[in-house]
Structure formats: structure tokens, C-alpha cells
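Undergrad: For reference, this is model27.cif, and it has mmCIF, C-alpha atoms (C1' of nucleotides).
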data_protein
#
loop_
_atom_site.label_atom_id
_atom_site.label_comp_id
_atom_site.auth_asym_id
_atom_site.auth_seq_id
_atom_site.Cartn_x
_atom_site.Cartn_y
_atom_site.Cartn_z
CA MET A 6 32.80 112.05 68.29
CA ALA A 7 34.42 112.95 65.02
CA LEU A 8 35.91 109.50 64.55
CA ASP A 9 32.37 108.27 64.01
CA HIS A 10 31.93 110.71 61.17
CA ALA A 11 35.30 109.94 59.63
CA ILE A 12 34.31 106.26 59.63
CA LEU A 13 30.95 107.05 58.04
CA VAL A 14 32.64 109.03 55.26
CA SER A 15 35.22 106.33 54.66
CA LEU A 16 32.61 103.56 54.55
CA LEU A 17 30.43 105.59 52.21
CA GLU A 18 33.38 106.00 49.89
CA ARG A 19 33.86 102.22 50.07
CA PRO A 20 32.51 99.60 52.51
CA GLY A 21 35.17 97.59 54.31
CA SER A 22 36.31 95.80 57.43
CA GLY A 23 37.76 97.24 60.60
CA TYR A 24 41.17 96.11 59.50
CA GLU A 25 40.82 97.84 56.15
CA LEU A 26 39.61 101.00 57.85
CA ALA A 27 42.65 100.94 60.12
CA ARG A 28 44.91 100.79 57.07
CA ARG A 29 43.02 103.59 55.35
CA PHE A 30 43.46 105.67 58.48
CA GLU A 31 47.20 105.13 58.13
CA ARG A 32 47.09 106.27 54.52
CA SER A 33 44.79 108.64 52.71
CA ILE A 34 42.45 109.34 55.61
CA GLY A 35 45.41 109.46 57.95
CA HIS A 36 46.29 112.68 56.15
CA PHE A 37 43.70 114.37 58.29
CA TRP A 38 42.70 111.83 60.91
CA THR A 39 44.38 109.04 62.87
CA ALA A 40 43.03 106.10 64.81
CA THR A 41 44.31 102.77 66.05
CA HIS A 42 42.59 99.52 65.18
CA GLN A 43 41.42 98.98 68.76
CA GLN A 44 39.62 102.27 68.74
CA ILE A 45 38.11 101.58 65.35
CA TYR A 46 36.79 98.14 66.39
CA ARG A 47 35.20 99.58 69.50
CA VAL A 48 33.53 102.42 67.65
CA LEU A 49 32.36 100.08 64.88
CA GLY A 50 30.66 97.89 67.48
CA ARG A 51 28.93 100.85 69.04
CA MET A 52 27.82 102.22 65.68
CA VAL A 53 26.31 98.87 64.71
CA ALA A 54 24.48 98.78 68.06
CA ASP A 55 23.20 102.29 67.31
CA GLY A 56 21.97 101.22 63.88
CA LEU A 57 24.35 103.45 61.92
CA LEU A 58 26.17 100.54 60.28
CA LEU A 59 25.42 97.08 58.91
CA VAL A 60 27.79 94.13 59.30
CA ARG A 61 28.19 91.30 56.83
CA GLU A 62 30.41 88.27 57.46
CA VAL A 63 32.62 87.69 54.41
CA GLU A 64 34.52 84.43 53.96
CA GLN A 65 37.89 84.79 52.30
CA GLN A 66 40.31 82.28 50.87
CA GLY A 67 43.90 82.27 52.05
CA ARG A 68 43.15 84.62 54.91
CA PRO A 69 40.86 84.86 57.94
CA ASP A 70 37.22 85.81 57.47
CA LYS A 71 36.34 89.45 57.86
CA LYS A 72 33.33 91.57 58.77
CA GLU A 73 32.42 94.09 56.13
CA TYR A 74 30.68 97.23 57.36
CA SER A 75 28.42 99.52 55.36
CA VAL A 76 26.40 102.61 56.20
CA THR A 77 22.67 102.45 56.83
CA ALA A 78 20.13 105.15 55.98
CA SER A 79 20.23 106.12 59.63
CA GLY A 80 24.01 106.50 59.39
CA ARG A 81 23.65 108.80 56.38
CA THR A 82 21.15 110.90 58.33
CA VAL A 83 23.55 111.24 61.26
CA LEU A 84 26.37 112.24 58.93
CA ALA A 85 24.20 114.81 57.15
CA ALA A 86 23.18 116.31 60.51
CA TRP A 87 26.83 116.69 61.46
CA LEU A 88 27.70 118.20 58.09
CA HIS A 89 25.12 120.91 58.63
CA LYS A 90 26.24 121.69 62.18
CA PRO A 91 29.04 124.28 62.46
CA ILE A 92 32.29 123.13 64.05
CA GLU A 93 35.03 125.13 65.72
CA PRO A 94 38.17 125.84 63.71
CA GLU A 95 40.63 123.42 65.22
CA SER A 96 43.78 124.41 66.98
CA LEU A 97 47.12 122.72 66.60
CA ARG A 98 48.83 120.44 69.08
CA HIS A 99 52.41 120.59 68.01
CA ASP A 100 54.77 118.78 70.38
CA LEU A 101 57.78 119.92 68.41
CA ALA A 102 56.88 123.57 68.98
CA VAL A 103 56.83 122.91 72.73
CA LYS A 104 60.26 121.35 72.43
CA ILE A 105 61.59 124.31 70.49
CA ARG A 106 60.47 126.80 73.11
CA GLY A 107 61.74 124.43 75.78
CA ALA A 108 65.17 124.38 74.16
CA ALA A 109 65.74 127.83 75.62
CA PHE A 110 66.17 126.06 78.97
CA ASP A 111 68.42 123.32 77.61
CA ASP A 112 70.91 123.05 74.76
CA PRO A 113 69.35 124.34 71.49
CA ALA A 114 71.98 122.47 69.47
CA ALA A 115 70.77 119.17 70.93
CA LEU A 116 67.47 119.66 69.11
CA ILE A 117 69.01 119.84 65.65
CA GLN A 118 69.04 116.10 65.05
CA GLU A 119 65.46 115.78 66.22
CA VAL A 120 64.31 118.56 63.91
CA GLU A 121 66.19 116.96 61.04
CA ARG A 122 64.39 113.70 61.72
CA HIS A 123 61.04 115.46 61.49
CA HIS A 124 62.21 117.22 58.35
CA ARG A 125 62.95 113.89 56.70
CA ALA A 126 59.61 112.44 57.83
CA HIS A 127 57.72 115.36 56.30
CA ARG A 128 59.70 115.15 53.06
CA ASP A 129 58.79 111.46 52.87
CA ARG A 130 55.13 112.20 53.47
CA LEU A 131 55.16 114.91 50.83
CA ALA A 132 56.68 112.52 48.30
CA HIS A 133 54.03 109.96 49.22
CA TYR A 134 51.20 112.46 48.77
CA LEU A 135 52.59 113.69 45.46
CA ALA A 136 52.83 110.11 44.19
CA GLY A 137 49.22 109.54 45.24
CA GLU A 138 48.12 112.72 43.51
CA GLU A 139 49.89 111.73 40.30
CA ARG A 140 48.37 108.25 40.46
CA ASP A 141 44.81 109.22 41.30
CA PHE A 142 44.25 112.72 39.96
CA THR A 143 46.83 114.33 37.69
CA GLY A 144 48.49 111.38 35.95
CA PRO A 145 47.51 109.77 32.62
CA GLU A 146 45.67 106.99 34.47
CA ALA A 147 43.40 109.45 36.23
CA PRO A 148 39.69 109.57 35.32
CA ALA A 149 39.20 112.21 32.61
CA PRO A 150 36.10 113.89 34.05
CA PRO A 151 36.47 113.50 37.80
CA THR A 152 33.36 112.90 39.89
CA PRO A 153 32.46 115.40 42.62
CA GLY A 154 33.71 112.89 45.16
CA GLN A 155 37.08 112.73 43.43
CA GLU A 156 37.32 116.50 43.18
CA LEU A 157 36.67 116.77 46.91
CA GLN A 158 39.22 114.06 47.73
CA HIS A 159 41.70 115.91 45.53
CA VAL A 160 41.21 119.24 47.25
CA VAL A 161 41.74 117.57 50.63
CA LEU A 162 44.90 115.95 49.32
CA ARG A 163 46.09 119.34 48.04
CA GLY A 164 45.61 120.55 51.60
CA GLY A 165 47.86 117.78 52.87
CA ILE A 166 50.47 118.66 50.24
CA ALA A 167 50.33 122.34 51.16
CA TYR A 168 50.66 121.44 54.84
CA GLU A 169 53.76 119.33 54.26
CA ARG A 170 55.39 121.98 52.03
CA MET A 171 54.71 124.66 54.64
CA THR A 172 56.03 122.46 57.43
CA ILE A 173 59.22 121.62 55.54
CA ALA A 174 59.89 125.32 54.89
CA TRP A 175 59.25 126.10 58.55
CA LEU A 176 61.58 123.34 59.71
CA ASP A 177 64.27 124.87 57.46
CA ASP A 178 63.66 128.12 59.31
CA VAL A 179 63.87 126.32 62.66
CA LEU A 180 67.14 124.63 61.69
CA ALA A 181 68.67 127.92 60.58
CA THR A 182 67.64 129.47 63.90
CA LEU A 183 69.06 126.60 65.93
CA HIS A 184 72.35 126.76 64.02
CA ARG A 185 72.55 130.49 64.60
CA LEU A 186 72.05 129.97 68.32
CA ALA A 187 74.54 127.11 68.43
CA THR A 188 77.29 129.15 66.78
CA PRO A 189 78.57 131.82 69.14
CA PRO A 190 78.74 135.31 67.62
CA GLY A 191 81.65 135.40 65.15
CA PRO A 192 84.82 137.40 65.89
CA GLY A 193 84.22 139.65 62.86
CA SER A 194 81.13 141.07 64.48
CA MET B 139 51.88 113.57 78.86
CA ALA B 140 52.83 116.49 76.69
CA LEU B 141 50.63 118.92 78.59
CA ASP B 142 53.02 118.47 81.52
CA HIS B 143 55.91 119.59 79.37
CA ALA B 144 54.03 122.51 77.86
CA ILE B 145 53.26 123.67 81.40
CA LEU B 146 56.90 123.29 82.43
CA VAL B 147 58.04 125.40 79.48
CA SER B 148 55.43 128.06 80.12
CA LEU B 149 56.26 128.28 83.84
CA LEU B 150 59.98 128.46 83.08
CA GLU B 151 59.31 131.36 80.74
CA ARG B 152 57.33 132.97 83.54
CA PRO B 153 55.89 131.57 86.79
CA GLY B 154 52.14 132.01 87.19
CA SER B 155 48.84 130.66 88.46
CA GLY B 156 46.59 128.05 86.94
CA TYR B 157 44.27 130.77 85.77
CA GLU B 158 47.09 132.65 84.07
CA LEU B 159 48.28 129.44 82.43
CA ALA B 160 44.80 128.82 81.10
CA ARG B 161 44.82 132.27 79.49
CA ARG B 162 48.28 131.75 78.04
CA PHE B 163 47.04 128.49 76.56
CA GLU B 164 44.32 130.48 74.85
CA ARG B 165 46.85 132.92 73.46
CA SER B 166 50.48 132.48 72.56
CA ILE B 167 50.85 128.92 73.73
CA GLY B 168 47.47 128.09 72.30
CA HIS B 169 49.14 128.58 68.93
CA PHE B 170 50.50 125.08 69.33
CA TRP B 171 48.70 123.60 72.31
CA THR B 172 45.28 123.84 73.92
CA ALA B 173 43.97 122.95 77.36
CA THR B 174 41.01 123.86 79.53
CA HIS B 175 41.44 125.26 83.02
CA GLN B 176 40.06 122.09 84.63
CA GLN B 177 42.71 120.01 82.96
CA ILE B 178 45.43 122.49 83.89
CA TYR B 179 44.41 122.58 87.58
CA ARG B 180 44.39 118.79 87.76
CA VAL B 181 47.80 118.44 86.13
CA LEU B 182 49.24 121.23 88.30
CA GLY B 183 48.14 119.36 91.40
CA ARG B 184 49.70 116.15 90.20
CA MET B 185 52.94 117.88 89.24
CA VAL B 186 53.22 119.48 92.68
CA ALA B 187 52.63 116.07 94.26
CA ASP B 188 55.39 114.67 92.04
CA GLY B 189 57.77 117.43 93.10
CA LEU B 190 58.05 119.03 89.66
CA LEU B 191 56.50 122.32 90.75
CA LEU B 192 56.41 124.60 93.78
CA VAL B 193 53.27 126.46 94.91
CA ARG B 194 53.23 129.82 96.61
CA GLU B 195 50.07 131.48 97.93
CA VAL B 196 49.91 135.08 96.73
CA GLU B 197 47.50 137.57 98.26
CA GLN B 198 46.10 140.10 95.84
CA GLN B 199 44.11 143.26 96.34
CA GLY B 200 40.85 143.74 94.51
CA ARG B 201 40.75 140.15 93.40
CA PRO B 202 40.85 136.64 94.91
CA ASP B 203 44.14 135.21 96.09
CA LYS B 204 46.03 133.01 93.68
CA LYS B 205 48.55 130.19 93.78
CA GLU B 206 51.71 130.92 91.87
CA TYR B 207 53.53 127.91 90.47
CA SER B 208 57.21 127.66 89.60
CA VAL B 209 59.44 124.86 88.34
CA THR B 210 61.74 122.94 90.69
CA ALA B 211 65.12 121.49 89.79
CA SER B 212 63.39 118.13 89.48
CA GLY B 213 60.95 119.67 87.00
CA ARG B 214 63.82 121.00 84.90
CA THR B 215 65.36 117.52 84.87
CA VAL B 216 62.12 115.95 83.69
CA LEU B 217 61.80 118.55 80.95
CA ALA B 218 65.40 118.02 79.82
CA ALA B 219 64.84 114.26 79.67
CA TRP B 220 61.81 114.78 77.44
CA LEU B 221 63.68 117.22 75.22
CA HIS B 222 66.33 114.58 74.56
CA LYS B 223 63.83 111.82 73.81
CA PRO B 224 62.70 111.62 70.17
CA ILE B 225 58.99 112.11 69.50
CA GLU B 226 56.89 111.01 66.55
CA PRO B 227 56.07 113.61 63.90
CA GLU B 228 52.47 114.39 64.69
CA SER B 229 49.59 113.86 62.33
CA LEU B 230 46.73 116.22 61.77
CA ARG B 231 43.18 115.88 62.99
CA HIS B 232 41.26 118.11 60.69
CA ASP B 233 37.50 117.90 61.16
CA LEU B 234 36.90 120.22 58.25
CA ALA B 235 38.70 117.85 55.87
CA VAL B 236 36.35 115.07 56.98
CA LYS B 237 33.42 117.35 56.25
CA ILE B 238 34.75 118.21 52.82
CA ARG B 239 35.07 114.58 51.82
CA GLY B 240 31.70 113.92 53.41
CA ALA B 241 30.12 116.65 51.27
CA ALA B 242 30.27 114.21 48.36
CA PHE B 243 27.34 112.42 50.04
CA ASP B 244 25.40 115.57 50.77
CA ASP B 245 25.16 119.02 49.19
CA PRO B 246 28.63 120.50 48.55
CA ALA B 247 27.14 123.99 48.27
CA ALA B 248 25.84 123.71 51.84
CA LEU B 249 29.43 123.66 53.06
CA ILE B 250 30.37 127.01 51.53
CA GLN B 251 29.18 129.10 54.47
CA GLU B 252 30.96 126.84 56.93
CA VAL B 253 34.22 127.08 54.99
CA GLU B 254 33.85 130.85 54.81
CA ARG B 255 33.44 130.95 58.58
CA HIS B 256 36.68 129.05 59.03
CA HIS B 257 38.35 131.31 56.48
CA ARG B 258 37.41 134.36 58.54
CA ALA B 259 38.58 132.70 61.77
CA HIS B 260 41.97 131.94 60.26
CA ARG B 261 42.32 135.46 58.84
CA ASP B 262 41.59 136.82 62.33
CA ARG B 263 44.17 134.54 63.89
CA LEU B 264 46.74 135.54 61.30
CA ALA B 265 46.13 139.22 62.02
CA HIS B 266 46.47 138.49 65.73
CA TYR B 267 49.76 136.65 65.23
CA LEU B 268 51.14 139.39 62.99
CA ALA B 269 50.24 142.03 65.57
CA GLY B 270 52.01 139.97 68.23
CA GLU B 271 55.06 139.58 66.03
CA GLU B 272 55.22 143.32 65.40
CA ARG B 273 54.79 144.04 69.09
CA ASP B 274 57.27 141.50 70.44
CA PHE B 275 59.84 140.90 67.74
CA THR B 276 59.94 143.09 64.64
CA GLY B 277 58.55 146.43 65.87
CA PRO B 278 60.51 149.40 67.26
CA GLU B 279 59.64 148.32 70.82
CA ALA B 280 61.28 144.93 70.34
CA PRO B 281 64.50 144.14 72.22
CA ALA B 282 67.45 145.04 70.00
CA PRO B 283 69.56 141.91 70.58
CA PRO B 284 66.99 139.17 71.20
CA THR B 285 67.79 136.48 73.74
CA PRO B 286 67.91 132.84 72.61
CA GLY B 287 64.56 132.34 74.30
CA GLN B 288 63.05 135.18 72.28
CA GLU B 289 64.54 133.89 69.05
CA LEU B 290 63.00 130.49 69.74
CA GLN B 291 59.61 132.00 70.60
CA HIS B 292 59.80 133.99 67.39
CA VAL B 293 60.52 130.99 65.19
CA VAL B 294 57.55 129.16 66.74
CA LEU B 295 55.37 132.20 66.06
CA ARG B 296 56.62 132.28 62.46
CA GLY B 297 55.42 128.66 62.26
CA GLY B 298 51.97 129.73 63.39
CA ILE B 299 51.94 132.53 60.84
CA ALA B 300 53.02 130.17 58.06
CA TYR B 301 50.33 127.71 59.12
CA GLU B 302 47.59 130.32 58.99
CA ARG B 303 48.73 131.67 55.61
CA MET B 304 48.83 128.14 54.20
CA THR B 305 45.40 127.34 55.62
CA ILE B 306 43.86 130.51 54.22
CA ALA B 307 45.24 129.74 50.76
CA TRP B 308 43.94 126.19 51.00
CA LEU B 309 40.47 127.36 52.07
CA ASP B 310 40.45 129.62 48.99
CA ASP B 311 41.15 126.49 46.96
CA VAL B 312 38.37 124.62 48.78
CA LEU B 313 35.90 127.45 48.16
CA ALA B 314 36.76 127.55 44.46
CA THR B 315 36.25 123.79 44.26
CA LEU B 316 32.91 123.93 46.07
CA HIS B 317 31.68 126.74 43.81
CA ARG B 318 32.73 124.76 40.76
CA LEU B 319 30.76 121.75 42.00
CA ALA B 320 27.75 123.88 42.92
CA THR B 321 27.54 125.46 39.47
CA PRO B 322 26.34 122.93 36.93
CA PRO B 323 28.51 122.74 33.79
CA GLY B 324 27.83 125.86 31.71
CA PRO B 325 26.04 125.69 28.35
CA GLY B 326 29.12 126.95 26.50
CA SER B 327 31.02 123.77 27.35
"C1'" DC C 3 58.87 72.39 61.95
"C1'" DT C 4 59.57 76.39 64.03
"C1'" DT C 5 59.83 81.15 63.56
"C1'" DG C 6 58.27 85.23 61.85
"C1'" DC C 7 55.08 87.99 59.10
"C1'" DC C 8 50.49 89.49 57.33
"C1'" DT C 9 45.60 89.38 57.82
"C1'" DA C 10 41.83 89.88 61.13
"C1'" DT C 11 39.45 90.72 65.56
"C1'" DG C 12 39.04 91.79 70.21
"C1'" DC C 13 39.51 92.63 75.76
"C1'" DA C 14 41.21 95.16 79.79
"C1'" DA C 15 43.31 98.84 81.98
"C1'" DC C 16 44.86 103.16 82.03
"C1'" DG C 17 45.58 108.00 80.96
"C1'" DA C 18 44.10 112.18 78.43
"C1'" DG C 19 40.60 115.41 77.58
"C1'" DT C 20 35.74 117.38 77.81
"C1'" DT C 21 31.45 118.93 79.99
"C1'" DG C 22 28.72 120.37 83.59
"C1'" DC C 23 28.51 122.09 87.88
"C1'" DA C 24 29.96 124.63 92.22
"C1'" DT C 25 32.20 128.04 95.06
"C1'" DA C 26 33.90 132.65 96.31
"C1'" DC C 27 35.58 137.54 96.06
"C1'" DG C 28 35.25 142.22 94.15
"C1'" DA C 29 33.55 145.70 90.88
"C1'" DG C 30 30.11 147.98 88.17
"C1'" DG C 31 25.52 148.82 86.42
"C1'" DA C 32 20.19 148.36 86.51
"C1'" DT D 97 19.50 145.29 96.05
"C1'" DC D 98 20.28 142.15 92.76
"C1'" DC D 99 22.52 140.76 88.60
"C1'" DT D 100 26.25 140.15 85.84
"C1'" DC D 101 31.02 140.04 84.72
"C1'" DG D 102 35.94 138.97 85.52
"C1'" DT D 103 39.23 136.64 88.54
"C1'" DA D 104 40.38 132.35 90.72
"C1'" DT D 105 39.98 127.41 92.00
"C1'" DG D 106 38.15 122.93 92.00
"C1'" DC D 107 35.05 118.23 91.93
"C1'" DA D 108 32.51 114.55 89.46
"C1'" DA D 109 31.25 112.08 85.64
"C1'" DC D 110 31.96 110.93 81.30
"C1'" DT D 111 34.02 110.06 76.72
"C1'" DC D 112 38.07 109.68 73.85
"C1'" DG D 113 42.36 107.64 72.91
"C1'" DT D 114 46.51 104.76 73.90
"C1'" DT D 115 49.05 100.67 75.40
"C1'" DG D 116 49.60 96.06 76.31
"C1'" DC D 117 48.05 91.73 75.67
"C1'" DA D 118 45.58 87.67 73.40
"C1'" DT D 119 43.79 84.82 69.75
"C1'" DA D 120 43.75 82.60 65.23
"C1'" DG D 121 44.48 81.25 60.28
"C1'" DG D 122 47.60 81.07 56.34
"C1'" DC D 123 52.00 81.73 54.09
"C1'" DA D 124 56.96 81.73 53.30
"C1'" DA D 125 61.73 81.23 54.70
"C1'" DG D 126 65.22 79.04 57.22
#
Mind turning the file's structure into C-alpha cells?
TA:
Amino acid sequence: MALDHAILVSLLERPGSGYELARRFERSIGHFWTATHQQIYRVLGRMVADGLLLVREVEQQGRPDKKEYSVTASGRTVLAAWLHKPIEPESLRHDLAVKIRGAAFDDPAALIQEVERHHRAHRDRLAHYLAGEERDFTGPEAPAPPTPGQELQHVVLRGGIAYERMTIAWLDDVLATLHRLATPPGPGS
Amino acid sequence: MALDHAILVSLLERPGSGYELARRFERSIGHFWTATHQQIYRVLGRMVADGLLLVREVEQQGRPDKKEYSVTASGRTVLAAWLHKPIEPESLRHDLAVKIRGAAFDDPAALIQEVERHHRAHRDRLAHYLAGEERDFTGPEAPAPPTPGQELQHVVLRGGIAYERMTIAWLDDVLATLHRLATPPGPGS
DNA sequence: CTTGCCTATGCAACGAGTTGCATACGAGGA
DNA sequence: TCCTCGTATGCAACTCGTTGCATAGGCAAG
């Protein structure tokens, strides 16, 4: 059900089409939520049927027409109700951690390349987040007195940055451990 | 599909019943994966049908009988194949981040209690992880030369600890931001 | 002019995951 | 005696999420 709320927040920040939402979910919102376009289109249809969203056909030049969605008063009410309802602290689902524990029953050294791949991916994401932070919040182009909405977006982005930094440091730890296990105990020991 | 592999790893570390697996998934394995008992029972049945697991009826005294599952050679092969196949770096699904951005369209101060609740939950989890680390890895009771399997379990646990520490620090940041937004700009400004 | 790419939307089928309910045994307390 | 709690397993119904496929317009390169 939380995809509904993520869509409401994103459309309140700026109305847009399903396609645009899908791209946002790959970028800034994807920092903390993911969704494919098929899922988004389906949920958008249901939310319109439920009266949470409005659709407006928008003709475009040089590209296909689009449907722009915006939040109704009813949608704001639903979002507010969710905001006031406590949620459970979420737990991780970390495939890589399963693999690492599974490596005990296979060759730990075979995992090194995989972990390095993840390490690179997280370094890339961190660089991407930092560039976004510079552009939108800390750089010279940033709005001098940020609005509450911008402050909140910034603190969420700082969370993404902290997550990537932590993950990179942990993957360093994992790599060191895998190398230690791959190298048999030295003769000087 | 990854629940299958998490179950294989857990049963290789120690054979057990569906009920025991469900409790492990609430504890150590739950650090990086979650599953309800219904889901586990269903998957166990399918994996037995596929020849990945063996069942053994075990009579117990003072409590109902149980079915103990263990991994077959075929199960080990399937796990090894998965270990050698690259996976995508996973992305977060953080409900609380959606709420924080959503607070821009509601009362940011109303979120403070919710964030404090999560803060407490993560501090509790951190304490729980640290106790487990002391007990199993760094304390005087820990095995002097750890096996590769224990080293790998430890590095995964260190990941959980790093995640909780990072999250707690971030929630401090979030709380400071929410308090700043809740307090109107002071007269001395 | 065909091929591929980007924008834009959507269906159908399947698999993953959640929620509610049901059963059954044994132990302990009201 | 009945009620509740912990152990132990499972069905049924539903929603969530993924994968594969299909359509369609415009643009640019070969």
C-alpha cells in the first residue's frame, strides 16, 4: 500500500504523468522506493477510480500525448491519515548478505568479483547523490532560504548519502574478510 | 526466489523445522531477510517437491512433533549456481523517508513522535546485535580460531551493526531538522 | 527507408508476500 | 474446568510486484 503514498507525495511535490513518475522513481524517489512503470500505471488507474487523483490529457509537440495526474482533496486526506498512523520500522532484505553467508558452503574467493561490482555500483550512486546535493541544496545555485519541503527532501537525501557511505565501508570490510579467507594462513604464522 | 536461497543457507548452517526457521528469520537471519511462517511452510513444501530438501519426522516429548528439513546435494547445487550468478545491487524501500517528504504537506512536528519511536527501535536492535556479537564472536566464550563460516557470519553481523548505527545518526539528523521546522524563526534573527 | 532509440501507455500471466483463519498438543494459572 | 500461552503446521484468499509482450508517434543515424 505504500506505493500509493509515495505516488501521492511525488505528485504533490509536482504533478506529472505515469512515465515521469517512473523516471522519478528511478532517480530521487528511487533513493528510498522503487517501482516499475507497469505497477505505477496500474496503481494510478486505481487511485483515479478511488477519487484520490485527477487526470488531465495533455497534448505535446514532438512526442506522444500524456496524462498528467494531480492529487485531489480526498488524496490529501488519505495521505494525512497515513502520515498520522504509526508504521513498523522496516527490516532489510539484503540478497548480498545471504550470498556472503552462503559462501561458507562454496568458494569465498568466487564472491570477490561480485562484491567488487556492488562496491562500484554504490560508489556510483554516492557520486550521483552528492552531485544532486550540490546542485539542489549546497551549491551556489541552491535557493538561499530553503522551503520546509526542500529541507525535508535534503534530510532524506542525506540519509541516502549516509547509507551509501556506510555500505561502501562495509563492502570494504567484506572484501578484506574474503581475501583473508582466500589466502591460506601464511608460513610465518 | 531469494527466500529459497536464504532457507538453503540457513538449513546448511543448521537443519531445522519450519517453525525454527521462522524464529531464525526473526532473529539473526532477520537482520537481512524477513519471512512469515506461512510463507516459509509453503516454500519448504515446494522445495521438498523439487528435491532440494529432505524431510524427517522427529518425535518430541512435551511438545508437538516436528519436521526437520535438511539440504540435499541437489539443493547445494542450486545454491552454488545462485552464488555464481550476479545479482543487482538492491535498492531501499524506506517508508519513513516517504513520510518525511510527505510531512511537507502536513505538520512536520506531528512526525517527531513517530521518528522517536523508530529511533528507539533501532537503538534496541543495535543493542541486541552488539550483545550477539559479544556472545558469539568477540567475547571470552567465542571460539578462538573462528571457522570461515563464523567469519562470514560475523562480517554480515558487522553490516547490521553499521546499518543500525548509521540509521540512528540519520534519525538524529531528521529529528533536528523537524525541530528546526517546528520552531518558527526566532526573534533574534 | 529501415533500424534503433526515446517518449508514452497499457494488458496478461505469473510469482512473491501478507492476512486471516484453523488445527492440535502440552503446560501453567485462575 | 477453562483459558491462555508456546510449540508446531497448514489452507484460502488476497494484494503486491515482476516479467514479457504490445502498441504508437517522432526523431536521428546509417
Undergrad: Select all residues from chain B having any atom no more than 6 Å from an atom of chain C (counting only C-alpha atoms (C1' of nucleotides), ignoring ligands), output as a PyMOL selection string.
TA: chain B and resi 200-202
Undergrad: Suppose we keep C-alpha atoms; can you now write the selection as a PDB file, in the coordinates of the input?
TA:
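Listed below is the output, again10.pdb:
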ATOM      1  CA  GLY B 200      40.850 143.740  94.510  1.00  0.00           C
ATOM      2  CA  ARG B 201      40.750 140.150  93.400  1.00  0.00           C
ATOM      3  CA  PRO B 202      40.850 136.640  94.910  1.00  0.00           C
TER       4      PRO B 202
END
Undergrad: Which residues of chain D are close to chain B, meaning at most 12 Å apart when you count only C-alpha atoms (C1' of nucleotides), and how do they look as a ChimeraX atom specification?
TA: /D:102-108,114
Undergrad: State, in Å with one decimal place, the distance from CA of Leu8 in chain A to CA of Glu164 in chain B.
TA: 24.8 Å
Undergrad: Tell me, in Å to one decimal, how far CA of Leu264 in chain B is from CA of Asp310 in chain B.
TA: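 CA of Leu264 in chain B sits 15.0 Å away from CA of Asp310 in chain B.
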Undergrad: Show me, as a PyMOL selection string, the residues that have an atom within 12 Å of Glu252 in chain B when counting all atoms listed in the file, minus same-chain residues fewer than 2 positions from it.
TA: (chain A and resi 87-94) or (chain B and resi 233-235+237-238+241+246-250+254-259+309+312-313+316)
Undergrad: For the atom pair CA of Gly154 in chain B and C1' of DC112 in chain D, what is the interatomic distance in Å to one decimal place?
TA: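 Separation between CA of Gly154 in chain B and C1' of DC112 in chain D: 29.6 Å.
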Undergrad: Would you mind listing, as an mmCIF file with C-alpha atoms, in the coordinates of the input, all residues of chain A that have at least one atom within 6 Å of chain B, where only C-alpha atoms are what counts?
TA:
data_model
loop_
_atom_site.group_PDB
_atom_site.id
_atom_site.type_symbol
_atom_site.label_atom_id
_atom_site.label_comp_id
_atom_site.auth_asym_id
_atom_site.auth_seq_id
_atom_site.Cartn_x
_atom_site.Cartn_y
_atom_site.Cartn_z
ATOM 1 C CA ALA A 11 35.300 109.940 59.630
ATOM 2 C CA VAL A 14 32.640 109.030 55.260
ATOM 3 C CA PHE A 37 43.700 114.370 58.290
ATOM 4 C CA TRP A 38 42.700 111.830 60.910
ATOM 5 C CA PRO A 94 38.170 125.840 63.710
ATOM 6 C CA LEU A 97 47.120 122.720 66.600
ATOM 7 C CA ARG A 98 48.830 120.440 69.080
ATOM 8 C CA HIS A 99 52.410 120.590 68.010
ATOM 9 C CA VAL A 103 56.830 122.910 72.730
ATOM 10 C CA ARG A 106 60.470 126.800 73.110
ATOM 11 C CA GLY A 107 61.740 124.430 75.780
ATOM 12 C CA ALA A 109 65.740 127.830 75.620
ATOM 13 C CA HIS A 123 61.040 115.460 61.490
ATOM 14 C CA GLY A 154 33.710 112.890 45.160
ATOM 15 C CA LEU A 157 36.670 116.770 46.910
ATOM 16 C CA GLN A 158 39.220 114.060 47.730
ATOM 17 C CA GLY A 164 45.610 120.550 51.600
ATOM 18 C CA TRP A 175 59.250 126.100 58.550
#
Undergrad: How would you write, as a ChimeraX atom specification, the residues chosen by the PyMOL selection byres ((chain B and resi 190) around 6) on this structure?
TA: /B:185-186,188-189,191,210,212-213
Undergrad: Within 7 Å of range 73-75 of chain A, counting all atoms listed in the file, which residues qualify if same-chain residues fewer than 5 places away don't, as a PyMOL selection string?
TA: chain A and resi 16+20-22+58-63
Undergrad: Can you work out which one of A:Val83, A:Tyr134, A:Gln65, A:Gln44 has the shortest atom-to-atom distance to DG121 in chain D, counting only C-alpha atoms (C1' of nucleotides)?
TA: A:Gln65
Undergrad: Excluding Gly270 in chain B and residues on its chain fewer than 5 positions from it, collect all residues at most 9 Å away from it, counting all atoms listed in the file, and give them as a VMD selection string.
TA: chain B and resid 166 265 275 295
